[in-house]
Every structure is written in structure tokens, then in C-alpha cells.
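Enquirer: Here you go, query_19.tsv (TSV, C-alpha atoms):
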```tsv
chain	number	residue	atom	x	y	z
A	1	MET	CA	-4.53	32.92	-14.26
A	2	ALA	CA	-7.61	34.81	-13.14
A	3	ASP	CA	-10.44	34.23	-10.70
A	4	LYS	CA	-13.01	36.92	-9.84
A	5	GLY	CA	-10.62	39.76	-10.61
A	6	PHE	CA	-7.54	38.17	-9.03
A	7	SER	CA	-4.72	37.61	-11.54
A	8	LEU	CA	-1.38	35.88	-11.00
A	9	PRO	CA	0.90	35.22	-13.96
A	10	ASP	CA	1.93	31.60	-14.41
A	11	ASP	CA	5.64	32.44	-14.08
A	12	ALA	CA	5.03	34.18	-10.75
A	13	PHE	CA	2.95	31.23	-9.53
A	14	VAL	CA	5.72	28.79	-10.51
A	15	GLY	CA	8.23	30.94	-8.67
A	16	ILE	CA	6.14	30.56	-5.53
A	17	LEU	CA	5.74	26.81	-6.10
A	18	LEU	CA	9.48	26.26	-6.26
A	19	ARG	CA	9.83	27.71	-2.77
A	20	LEU	CA	7.22	25.37	-1.26
A	21	PRO	CA	7.64	21.79	-0.03
A	22	VAL	CA	6.16	19.03	-2.17
A	23	SER	CA	3.37	18.43	0.37
A	24	ALA	CA	2.19	22.05	-0.08
A	25	GLN	CA	2.36	21.69	-3.86
A	26	ARG	CA	0.08	18.64	-3.63
A	27	ARG	CA	-2.51	20.60	-1.66
A	28	LEU	CA	-2.40	23.51	-4.12
A	29	ARG	CA	-3.34	21.06	-6.90
A	30	LEU	CA	-6.75	20.75	-5.21
A	31	VAL	CA	-7.65	24.45	-5.53
A	32	CYS	CA	-8.77	24.39	-9.15
A	33	ARG	CA	-8.10	22.73	-12.49
A	34	ARG	CA	-5.82	25.56	-13.63
A	35	TRP	CA	-3.59	25.30	-10.57
A	36	ARG	CA	-3.49	21.52	-10.89
A	37	ASP	CA	-2.26	21.79	-14.49
A	38	VAL	CA	0.43	24.35	-13.62
A	39	VAL	CA	1.69	22.27	-10.69
A	40	ASP	CA	1.82	19.11	-12.80
A	41	GLU	CA	3.51	20.79	-15.78
A	42	ARG	CA	5.90	23.27	-14.17
A	43	ALA	CA	6.86	21.90	-10.73
A	44	PRO	CA	9.89	19.61	-11.22
A	45	GLU	CA	9.16	17.46	-8.17
A	46	GLN	CA	5.67	16.69	-9.46
A	47	ARG	CA	7.00	15.68	-12.88
A	48	GLN	CA	9.23	13.12	-11.18
A	49	LEU	CA	6.46	11.66	-9.03
A	50	ARG	CA	5.73	8.72	-11.31
A	51	ALA	CA	5.30	5.72	-9.08
A	52	LYS	CA	7.66	2.77	-9.41
A	53	ALA	CA	7.17	-0.77	-8.13
A	54	LEU	CA	8.90	-1.55	-4.83
A	55	ALA	CA	9.41	-5.18	-3.79
A	56	PHE	CA	10.18	-5.68	-0.09
A	57	PHE	CA	11.66	-8.95	1.17
A	58	SER	CA	11.35	-9.47	4.95
A	59	LYS	CA	13.61	-11.98	6.63
A	60	ARG	CA	15.41	-12.45	9.94
A	61	GLY	CA	18.37	-10.18	10.51
A	62	GLU	CA	18.28	-8.34	7.21
A	63	SER	CA	15.46	-7.21	4.92
A	64	ARG	CA	15.74	-5.73	1.47
A	65	ALA	CA	13.83	-3.25	-0.72
A	66	ILE	CA	14.26	-3.16	-4.50
A	67	VAL	CA	12.73	-0.36	-6.59
A	68	PHE	CA	12.28	-1.12	-10.30
A	69	GLU	CA	12.37	1.46	-13.07
A	70	ASP	CA	9.06	1.84	-14.89
A	71	THR	CA	10.79	2.50	-18.22
A	72	GLY	CA	13.54	0.76	-20.13
A	73	PRO	CA	14.43	-2.94	-19.93
A	74	ALA	CA	12.32	-5.05	-17.55
A	75	GLY	CA	14.06	-5.51	-14.23
A	76	ARG	CA	16.26	-2.41	-14.33
A	77	ARG	CA	16.68	-1.21	-10.75
A	78	ALA	CA	16.31	2.35	-9.55
A	79	ARG	CA	17.20	1.63	-5.91
A	80	ASP	CA	18.34	-1.32	-3.81
A	81	TRP	CA	18.32	-0.85	-0.02
A	82	THR	CA	19.12	-3.15	2.89
A	83	PHE	CA	17.47	-2.75	6.31
A	84	ARG	CA	19.26	-4.54	9.13
A	85	SER	CA	17.67	-5.28	12.49
A	86	PRO	CA	19.62	-3.87	15.47
A	87	ARG	CA	18.63	-7.10	17.29
A	88	GLY	CA	20.59	-9.23	14.85
A	89	ILE	CA	19.34	-12.54	13.53
A	90	VAL	CA	16.28	-12.63	15.84
A	91	GLY	CA	14.83	-9.35	14.53
A	92	VAL	CA	12.76	-8.88	11.38
A	93	VAL	CA	12.08	-5.57	9.61
A	94	HIS	CA	8.74	-5.45	7.78
A	95	MET	CA	7.43	-2.81	5.41
A	96	VAL	CA	4.22	-1.19	6.69
A	97	GLY	CA	3.69	1.04	3.66
A	98	THR	CA	4.91	3.90	1.49
A	99	CYS	CA	3.55	7.43	1.03
A	100	ASN	CA	5.00	10.13	-1.22
A	101	GLY	CA	8.54	8.79	-0.93
A	102	LEU	CA	8.40	8.07	2.80
A	103	LEU	CA	8.77	4.49	4.06
A	104	CYS	CA	7.13	3.14	7.21
A	105	LEU	CA	8.98	0.16	8.70
A	106	HIS	CA	8.06	-2.15	11.58
A	107	GLU	CA	10.75	-4.14	13.37
A	108	THR	CA	9.75	-7.09	15.59
A	109	ALA	CA	11.89	-9.37	17.75
A	110	PRO	CA	11.31	-11.72	20.69
A	111	PHE	CA	12.26	-10.30	24.08
A	112	GLY	CA	11.84	-12.44	27.19
A	113	ASP	CA	8.23	-13.57	27.37
A	114	GLY	CA	7.11	-10.80	25.02
A	115	ARG	CA	8.40	-9.05	21.93
A	116	VAL	CA	10.03	-5.82	20.80
A	117	SER	CA	7.98	-3.73	18.36
A	118	VAL	CA	9.47	-0.58	16.81
A	119	VAL	CA	7.83	1.57	14.10
A	120	THR	CA	10.00	3.98	12.09
A	121	VAL	CA	9.16	6.42	9.29
A	122	ALA	CA	12.08	7.34	7.05
A	123	ASN	CA	13.04	9.02	3.80
A	124	PRO	CA	15.81	6.78	2.42
A	125	ILE	CA	16.94	9.46	-0.04
A	126	THR	CA	17.69	12.10	2.60
A	127	GLY	CA	18.48	9.66	5.43
A	128	GLU	CA	16.00	11.41	7.72
A	129	LYS	CA	13.93	9.19	10.02
A	130	GLN	CA	11.61	9.31	13.02
A	131	VAL	CA	11.21	6.47	15.51
A	132	LEU	CA	7.67	6.48	16.86
A	133	PRO	CA	6.97	5.92	20.55
A	134	PRO	CA	5.36	2.50	21.18
A	135	PRO	CA	1.55	2.44	21.43
A	136	VAL	CA	0.03	1.41	24.76
A	137	HIS	CA	-0.97	-2.27	24.76
A	138	LYS	CA	-4.02	-3.17	26.84
A	139	THR	CA	-3.58	-6.92	26.37
A	140	ALA	CA	-0.79	-9.23	25.20
A	141	SER	CA	-2.60	-9.76	21.89
A	142	ASP	CA	-2.28	-6.05	21.07
A	143	ALA	CA	1.40	-6.66	20.27
A	144	HIS	CA	0.21	-8.72	17.29
A	145	GLY	CA	-1.91	-5.94	15.81
A	146	LEU	CA	-1.53	-4.66	12.26
A	147	TYR	CA	0.01	-1.34	11.23
A	148	CYS	CA	-0.81	0.83	8.22
A	149	PHE	CA	0.69	4.06	6.88
A	150	GLY	CA	-1.39	6.68	5.10
A	151	TYR	CA	-1.66	10.25	3.88
A	152	HIS	CA	-4.68	12.50	3.42
A	153	PRO	CA	-4.33	14.91	0.49
A	154	THR	CA	-6.61	17.60	1.97
A	155	THR	CA	-4.99	17.85	5.42
A	156	GLY	CA	-1.49	17.03	4.21
A	157	GLN	CA	-1.03	14.82	7.29
A	158	TYR	CA	0.71	11.46	7.45
A	159	LYS	CA	-0.72	8.96	9.91
A	160	VAL	CA	0.24	5.52	11.20
A	161	VAL	CA	-2.72	3.35	12.24
A	162	HIS	CA	-2.48	0.41	14.67
A	163	VAL	CA	-5.37	-2.02	14.32
A	164	ARG	CA	-5.75	-4.39	17.27
A	165	PRO	CA	-6.93	-8.00	16.86
A	166	GLU	CA	-9.90	-7.36	19.19
A	167	LEU	CA	-11.28	-3.92	18.50
A	168	ASP	CA	-12.79	-1.39	20.81
A	169	ALA	CA	-10.57	1.34	19.38
A	170	VAL	CA	-7.76	1.80	16.88
A	171	GLN	CA	-4.62	3.75	17.71
A	172	VAL	CA	-3.50	6.62	15.48
A	173	PHE	CA	-0.21	8.51	15.38
A	174	THR	CA	0.08	11.72	13.32
A	175	LEU	CA	3.59	12.20	11.97
A	176	GLY	CA	5.09	15.29	13.59
A	177	GLY	CA	3.19	14.58	16.81
A	178	THR	CA	4.46	13.09	20.05
A	179	SER	CA	1.95	10.43	21.10
A	180	TRP	CA	-0.64	7.90	19.98
A	181	ARG	CA	-4.33	8.50	20.55
A	182	GLU	CA	-7.27	6.14	20.60
A	183	VAL	CA	-10.12	6.41	18.10
A	184	PRO	CA	-13.33	4.49	18.94
A	185	ALA	CA	-13.96	1.78	16.37
A	186	LEU	CA	-17.22	0.23	17.53
A	187	ALA	CA	-18.96	0.67	14.19
A	188	ALA	CA	-21.66	-1.91	13.48
A	189	GLY	CA	-20.07	-5.33	13.01
A	190	ALA	CA	-16.54	-3.92	13.31
A	191	THR	CA	-15.35	-5.34	16.61
A	192	THR	CA	-12.73	-7.73	15.17
A	193	CYS	CA	-9.97	-7.70	12.56
A	194	ASN	CA	-8.94	-10.43	10.12
A	195	ARG	CA	-5.14	-10.43	10.33
A	196	SER	CA	-4.52	-12.60	7.27
A	197	SER	CA	-6.36	-10.14	5.00
A	198	GLY	CA	-4.11	-7.24	5.97
A	199	VAL	CA	-4.74	-3.49	6.27
A	200	VAL	CA	-4.43	-0.97	3.43
A	201	THR	CA	-4.76	2.79	3.03
A	202	VAL	CA	-6.27	4.05	-0.23
A	203	ASP	CA	-7.26	7.63	-1.08
A	204	GLY	CA	-7.21	8.95	2.47
A	205	SER	CA	-8.93	6.02	4.24
A	206	THR	CA	-7.58	2.94	6.03
A	207	TYR	CA	-9.44	-0.34	5.49
A	208	TRP	CA	-9.52	-3.78	7.12
A	209	LEU	CA	-11.85	-6.81	7.13
A	210	THR	CA	-13.71	-8.17	10.13
A	211	ALA	CA	-12.70	-11.61	11.42
A	212	ARG	CA	-15.59	-13.25	9.55
A	213	THR	CA	-14.62	-11.36	6.36
A	214	ASP	CA	-18.23	-10.30	5.91
A	215	ARG	CA	-17.68	-6.56	6.35
A	216	VAL	CA	-15.07	-3.95	5.44
A	217	VAL	CA	-14.21	-1.36	8.09
A	218	ALA	CA	-13.01	2.12	7.02
A	219	LEU	CA	-11.19	4.79	9.03
A	220	ASP	CA	-11.28	8.24	7.40
A	221	LEU	CA	-7.83	9.79	7.95
A	222	LYS	CA	-9.26	13.31	7.73
A	223	ASP	CA	-11.87	13.31	10.52
A	224	GLU	CA	-11.01	9.83	11.94
A	225	SER	CA	-14.59	8.61	11.68
A	226	VAL	CA	-15.14	4.83	11.45
A	227	THR	CA	-17.76	3.16	9.24
A	228	SER	CA	-18.33	-0.34	7.89
A	229	PHE	CA	-20.06	-1.86	4.86
A	230	ASP	CA	-20.58	-5.25	3.19
A	231	ALA	CA	-17.57	-7.07	1.76
A	232	PRO	CA	-17.71	-8.30	-1.87
A	233	PRO	CA	-20.00	-11.29	-2.47
A	234	ALA	CA	-17.08	-13.62	-3.26
A	235	VAL	CA	-15.44	-12.92	0.13
A	236	ARG	CA	-18.33	-13.72	2.44
A	237	PRO	CA	-18.33	-17.52	2.02
A	238	ILE	CA	-14.60	-17.75	2.89
A	239	LYS	CA	-14.03	-19.20	6.34
A	240	THR	CA	-10.52	-20.57	6.66
A	241	PRO	CA	-7.45	-21.13	4.46
A	242	PRO	CA	-5.78	-23.02	2.79
A	243	GLN	CA	-8.59	-23.74	0.32
A	244	ALA	CA	-9.24	-20.03	-0.14
A	245	ALA	CA	-7.95	-16.71	1.15
A	246	CYS	CA	-8.58	-12.99	0.68
A	247	GLN	CA	-6.26	-9.99	0.72
A	248	LEU	CA	-7.00	-6.27	0.73
A	249	THR	CA	-5.17	-4.57	-2.11
A	250	ASN	CA	-4.61	-1.27	-3.90
A	251	VAL	CA	-5.91	-1.47	-7.48
A	252	GLN	CA	-5.03	1.68	-9.43
A	253	ALA	CA	-5.57	3.89	-6.35
A	254	ARG	CA	-8.85	2.20	-5.40
A	255	LEU	CA	-9.65	-0.34	-2.71
A	256	GLY	CA	-9.56	-3.90	-3.97
A	257	VAL	CA	-10.11	-7.34	-2.46
A	258	ALA	CA	-8.24	-10.25	-4.04
A	259	VAL	CA	-9.92	-13.62	-3.41
A	260	THR	CA	-7.73	-16.65	-4.13
A	261	TRP	CA	-8.85	-20.26	-4.56
A	262	TYR	CA	-6.09	-22.89	-4.47
A	263	GLY	CA	-6.50	-26.01	-6.65
A	264	LEU	CA	-4.34	-28.98	-7.59
A	265	THR	CA	-3.80	-27.83	-11.17
A	266	ALA	CA	-4.59	-24.12	-11.08
A	267	THR	CA	-5.00	-21.14	-8.78
A	268	ARG	CA	-7.79	-18.66	-9.47
A	269	VAL	CA	-7.70	-15.05	-8.27
A	270	GLU	CA	-10.75	-12.80	-8.39
A	271	VAL	CA	-10.16	-9.10	-7.79
A	272	TRP	CA	-13.11	-6.97	-6.69
A	273	VAL	CA	-12.84	-3.16	-6.72
A	274	LEU	CA	-14.81	-0.67	-4.64
A	275	ASP	CA	-16.90	1.78	-6.68
A	276	GLY	CA	-18.71	4.76	-5.19
A	277	GLY	CA	-16.41	5.16	-2.19
A	278	ARG	CA	-17.29	4.60	1.47
A	279	GLN	CA	-20.53	6.55	1.34
A	280	ARG	CA	-22.19	4.56	-1.47
A	281	PRO	CA	-20.13	1.37	-1.72
A	282	ARG	CA	-20.60	-0.86	-4.75
A	283	TRP	CA	-18.35	-3.75	-5.73
A	284	SER	CA	-17.44	-4.78	-9.26
A	285	ARG	CA	-15.37	-7.79	-10.30
A	286	ARG	CA	-12.40	-6.35	-12.18
A	287	TYR	CA	-10.30	-9.49	-12.80
A	288	SER	CA	-10.68	-13.25	-12.71
A	289	ILE	CA	-7.19	-14.61	-13.23
A	290	VAL	CA	-6.15	-18.26	-13.58
A	291	GLU	CA	-2.55	-19.34	-12.98
A	292	PRO	CA	-1.35	-22.93	-13.53
A	293	THR	CA	0.12	-24.56	-10.43
A	294	GLY	CA	2.23	-27.25	-12.06
A	295	ARG	CA	5.77	-28.09	-10.99
A	296	ASP	CA	7.43	-25.23	-12.85
A	297	GLN	CA	4.50	-22.90	-13.38
A	298	GLY	CA	3.03	-21.86	-10.04
A	299	ARG	CA	3.25	-18.11	-9.46
A	300	TRP	CA	1.60	-15.97	-6.80
A	301	ILE	CA	0.32	-12.49	-7.53
A	302	THR	CA	1.86	-10.04	-5.08
A	303	ALA	CA	0.15	-7.67	-2.62
A	304	PRO	CA	-0.84	-5.34	-1.02
A	305	HIS	CA	-0.22	-3.20	-4.11
A	306	PHE	CA	-1.88	-5.17	-6.90
A	307	THR	CA	-1.33	-2.93	-9.93
A	308	HIS	CA	1.81	-0.98	-10.83
A	309	GLY	CA	0.78	1.24	-13.71
A	310	GLU	CA	-0.09	-1.21	-16.48
A	311	TYR	CA	1.49	-4.19	-14.72
A	312	VAL	CA	1.03	-6.75	-11.97
A	313	LEU	CA	3.91	-8.55	-10.24
A	314	LYS	CA	4.05	-12.30	-9.73
A	315	ARG	CA	6.43	-14.43	-7.71
A	316	SER	CA	7.32	-17.99	-8.66
A	317	ALA	CA	6.23	-20.49	-6.02
A	318	VAL	CA	9.17	-22.70	-6.99
A	319	SER	CA	12.19	-20.46	-7.63
A	320	GLY	CA	11.11	-17.28	-5.83
A	321	TRP	CA	11.88	-15.28	-8.99
A	322	LEU	CA	9.80	-12.19	-9.71
A	323	TYR	CA	7.90	-11.54	-12.96
A	324	ARG	CA	6.10	-8.54	-14.40
A	325	GLY	CA	3.01	-9.00	-16.56
A	326	LYS	CA	1.08	-6.29	-18.35
A	327	VAL	CA	-2.51	-5.90	-17.19
A	328	GLY	CA	-3.46	-5.09	-20.77
A	329	ASP	CA	-2.23	-8.56	-21.72
A	330	LEU	CA	-4.97	-10.28	-19.74
A	331	ILE	CA	-6.67	-12.53	-22.30
A	332	GLU	CA	-10.26	-13.33	-21.48
A	333	ASP	CA	-11.49	-16.87	-21.94
A	334	LYS	CA	-15.10	-16.32	-23.03
A	335	LYS	CA	-16.12	-19.87	-22.20
A	336	LYS	CA	-14.80	-19.96	-18.64
A	337	ASN	CA	-15.07	-16.24	-17.90
A	338	ASN	CA	-11.47	-16.34	-16.66
A	339	GLN	CA	-8.26	-14.61	-17.72
A	340	LEU	CA	-4.64	-15.64	-18.22
A	341	ILE	CA	-1.67	-13.33	-17.75
A	342	LYS	CA	0.37	-13.31	-20.95
A	343	GLY	CA	3.68	-11.74	-21.82
A	344	ALA	CA	5.17	-11.94	-18.31
A	345	LYS	CA	8.83	-10.87	-18.18
A	346	LEU	CA	11.43	-11.88	-15.62
A	347	ILE	CA	12.56	-8.87	-13.57
A	348	LEU	CA	14.36	-10.53	-10.64
A	349	ASN	CA	16.14	-13.87	-10.87
A	350	GLU	CA	17.87	-13.81	-7.49
A	351	ARG	CA	16.72	-16.37	-4.97
A	352	ILE	CA	15.84	-13.90	-2.21
A	353	TYR	CA	14.25	-15.68	0.70
A	354	GLY	CA	11.68	-14.12	3.00
A	355	GLY	CA	8.17	-12.79	2.86
A	356	LEU	CA	7.42	-10.55	-0.13
A	357	THR	CA	5.19	-7.48	-0.16
A	358	THR	CA	4.90	-4.93	-2.96
A	359	PHE	CA	4.20	-1.20	-2.89
A	360	ALA	CA	4.26	1.92	-5.06
A	361	TYR	CA	7.21	4.25	-4.50
A	362	VAL	CA	8.03	7.79	-5.63
A	363	GLU	CA	11.40	9.36	-4.92
A	364	THR	CA	11.43	12.70	-3.12
A	365	ARG	CA	13.59	14.84	-0.87
A	366	GLU	CA	10.62	16.08	1.08
A	367	PRO	CA	11.48	16.42	4.80
A	368	LEU	CA	9.56	14.59	7.49
A	369	PRO	CA	6.92	16.65	9.32
A	370	SER	CA	8.55	18.14	12.41
A	371	ILE	CA	7.11	18.21	15.91
A	372	ASN	CA	7.29	22.00	15.89
A	373	GLY	CA	5.43	22.18	12.56
```
Could you write out this file's structure as C-alpha cells?
Expert:
Amino acid sequence: MADKGFSLPDDAFVGILLRLPVSAQRRLRLVCRRWRDVVDERAPEQRQLRAKALAFFSKRGESRAIVFEDTGPAGRRARDWTFRSPRGIVGVVHMVGTCNGLLCLHETAPFGDGRVSVVTVANPITGEKQVLPPPVHKTASDAHGLYCFGYHPTTGQYKVVHVRPELDAVQVFTLGGTSWREVPALAAGATTCNRSSGVVTVDGSTYWLTARTDRVVALDLKDESVTSFDAPPAVRPIKTPPQAACQLTNVQARLGVAVTWYGLTATRVEVWVLDGGRQRPRWSRRYSIVEPTGRDQGRWITAPHFTHGEYVLKRSAVSGWLYRGKVGDLIEDKKKNNQLIKGAKLILNERIYGGLTTFAYVETREPLPSING
């Protein structure tokens, strides 16, 4: 390994890598192609960082997370965790997001005329966790804001973002810090948030839709700048459910918007993907999927993580069972310009009640960032 006269043997470099935390290894991958290859090939933690699908079921009193193996028989479980609310049957634990093996959880429960809201970041493998201080609420509606969990590969920082329903600023908490701070969010046309569309973090930026779903707002987790740009063409006509709805998603590590139209005999889902990034945004329609909605056929494609390697996950609207279909098995109907998911396999046949969200998960023993650095 040489660069302008500096030489470091691969074995010596690997010896240094093995003494560094995984977060530092990820940053070293960005130095050059040679370092990236050595980290990927020789660092054991990096070899294990193949993302698995995580299905999170939120319900009163007790929520559940199931991680599925990405190899072997469909439905084989890698992990199965239960998250109980300290408030008992009135409390609900929701999954905010996952980053590099860390889970961000949000517990809510009624309390008097208001509600309890607790955000926790944890590594379920090591048992380490950090309970975040509550953000300051200016109005009662702030308690109903949306949370998102993200990581920026250049800074190596983990951040939790609180997006209020009525925006003058978003609140940001850097893991390892002690307090929330406000970031002005008065970008053009970005003064509201569409709660039903959700909030996602992809490739170092957090995204949400305005209330009218006509613009996408982006918060850069590196410099915390806020910008906005046009939403995909298919999203702009949508006004209210239940005839149609849209959901921000993660499509193979890129921002996606899933637009769903509900019909009597079929449900159609269009997935638009952002090309060119925030600076030069361009949208392309990646999928147009049709699912029958008959008595025993209706299945809903899960979110906010849309793709899991080569697969998408679907939940039966009747039984609640979970299926895995290969994206490569999407068969295009030339006449209708639509696609059908073929070859779906049952991976969970338990009737688990509660709201379902899906994420990508990688197992790690990386410690949480400490307040003292």
C-alpha cells in the first residue's frame, strides 16, 4: 500500500484496523479504493455487516422485533426480541429506525391530559442503551411529531431528528451529546410535515414530505442545512386517503416514494426513486406493482424499508402473515405497464397483531458514542 512515498504493509494496516471500533473502520473506507478493499476483505466486523430484514410489530404493552436470516430457508430467524413498555398495557414501543446495529425506539403512553414520550437508542447485542432527554415542546401538537434516526458516514455521528407537525425548526440530538438543539427549517415551501408519509434517513440525509405532498424536504446530517425540491409527479395529485396514499421509503440505499392506489379488485403501488441526490434531484419510476385484493389475496408491501437485498416483504391483509418476494421475480405486463410479484414465500405465519414496520439490521458489538467522546 503506497501513496506518494508512504508505504504501509497490508498486514500492518489490518493490525491497526482490528484495534479500532467499527465506526472508525467505516470512515477509513472513505480514504481511497485500496483502503476500502482492505477493510471489506480483512476486517471481520465488516464481513459480517450484511444487512438482514427486521420486522417490528408495535402494540400496546409489548412490541416485538424479528430479524430474518438472509440465507438458508425462508423465514429462518436470526433474532427475536421483545420490548415491553414500563407503563404496562397503556404504553406502546415503536421503532424509529436502525443504524449500524443500533436501534432507536420511541415509547408513547397517555399521561393525564398529555402523553409520555421517551426515545431510547440501544444495542440489543451488548445490552447498552441511552435514554435521550425529552425535546422541548412549544405547543401541544409537538408531542405528535415524527422521529427519525440517522448516521452520516463522513462525520461518524449518529443523530435523532424530531420533525414537528408545524415547522419553523426541527430538533436534532447528536448521540453522545446531552441536549437537543433547534435547526431552522424554513426552506421554501417546507413549513409543514405530512405525518402519514413518514420520515426516513437515507445516505446521510433525513427526508419528509410537506403537508400537501408537493415537495420533499431534506436535512443534511453533516452540516444540518435544510433544502426542498419537487416531489415525484405521481405524488402531487394525492390529497387525502383512503383512495390513495404515499410513503417515503428506502430503496436499495436511495430515497424512494411509494404511491399506493386502493381499488376494489386490486391495489397498485408505484415506487419512484431519487436520482442525482439533493443537489440535482431527478425522479424515475422504478416499480409499478399490482396486487390482487380479493378475499384471500390482499397483501400490503411493507415500509419504510422497501427493499431487503433482492427481496421485498409483504403482509397479508387477511391473516397478518408475512411473505418475502424476490424483486428479480417482478414480471412486467407489457400491455398494462404493471408488474406482479411472483414466487413469494411465507416467512412468518404467526398472527402477530399490531402495526408493522420493516428495517435493515446488521449485528454489531459497537459501543454507543459516549458523552465524554
Enquirer: Quick one: distance from atom CA of Asn349 of chain A to atom CA of Tyr262 of chain A in Å, one decimal?
Expert: 24.8 Å
Enquirer: Measuring between all atoms listed in the file, which one of A:Ser85, A:Gln247, A:Val160, A:Glu224 shows the shortest distance to Asn194 of chain A?
Expert: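 Distance minimum relative to Asn194 of chain A lands on A:Gln247.
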Enquirer: May I ask for the distance between atom CA of Leu54 of chain A and atom CA of Gly156 of chain A, given in Å to one decimal place?
Expert: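 Spanning atom CA of Leu54 of chain A to atom CA of Gly156 of chain A is a straight-line distance of 23.1 Å.
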Enquirer: Just give me the gap between atom CA of Pro134 of chain A and atom CA of Arg79 of chain A in Å, one decimal is fine.
Expert: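 Separation between atom CA of Pro134 of chain A and atom CA of Arg79 of chain A: 29.6 Å.
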Enquirer: I'd like the contact shell of Gly150 of chain A - 7 Å cut-off, all atoms listed in the file, skipping same-chain residues fewer than 3 positions apart - returned as an MDAnalysis selection string.
Expert: chainID A and resid 99 158:160 201 204
Enquirer: Please, which residues are within 12 Å of (6.1, 15.0, 13.6) by the file's coordinates, counting only C-alpha atoms, and could they come as an NGL selection string?
Expert: :A and (120-122 or 129-133 or 157-160 or 173-180 or 367-373)
Enquirer: Could you check the closest approach to Arg285 of chain A for each of A:Gly97, A:Trp321, A:Pro304, A:Val251 and tell me which residue wins, using only C-alpha atoms?
Expert: A:Val251
Enquirer: With all atoms listed in the file as the counted atoms, please give the residues lying no more than 7 Å from segment 263-279 of chain A, apart from itself and same-chain residues fewer than 5 positions off, as a list in words.
Expert: Pro232, Arg254, Leu255, Gly256, Val257, Ala258, Ser284, Arg285, Arg286, Tyr287, Ser288, Ile289, Val290, Glu291, Pro292, Thr293 and Gly294 of chain A
Enquirer: Which one of A:Ala317, A:Val199, A:Ile125, A:Val362 sits closest to Val163 of chain A if you count all atoms listed in the file?
Expert: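 Smallest separation from Val163 of chain A among the options: A:Val199.
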Enquirer: Might you pull out every residue within 7 Å of Val226 of chain A, with only C-alpha atoms counted and same-chain residues fewer than 3 positions away left off, and present them as a PDB file with C-alpha atoms, in the coordinates of the input?
Expert:
```pdb
ATOM      1  CA  ALA A 185     -13.960   1.780  16.370  1.00  0.00           C
ATOM      2  CA  ALA A 187     -18.960   0.670  14.190  1.00  0.00           C
ATOM      3  CA  ALA A 218     -13.010   2.120   7.020  1.00  0.00           C
ATOM      4  CA  LEU A 219     -11.190   4.790   9.030  1.00  0.00           C
ATOM      5  CA  ASP A 220     -11.280   8.240   7.400  1.00  0.00           C
TER       6      ASP A 220
END
```
Enquirer: Measuring atom to atom with only C-alpha atoms, identify which of A:Thr302, A:Asn250, A:Ser197, A:Thr210 is nearest to Phe229 of chain A.
Expert: A:Thr210
Enquirer: For Arg115 of chain A, which of A:Pro281, A:Pro153, A:Gly91, A:Pro165 is the closest residue, counting all atoms listed in the file?
Expert: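 Of all the options, A:Gly91 lies closest to Arg115 of chain A.
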Enquirer: Measuring atom to atom with all atoms listed in the file, identify which of A:Val14, A:Cys32, A:Leu146, A:Ala65 is nearest to Ile352 of chain A.
Expert: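 The closest residue to Ile352 of chain A is A:Ala65.
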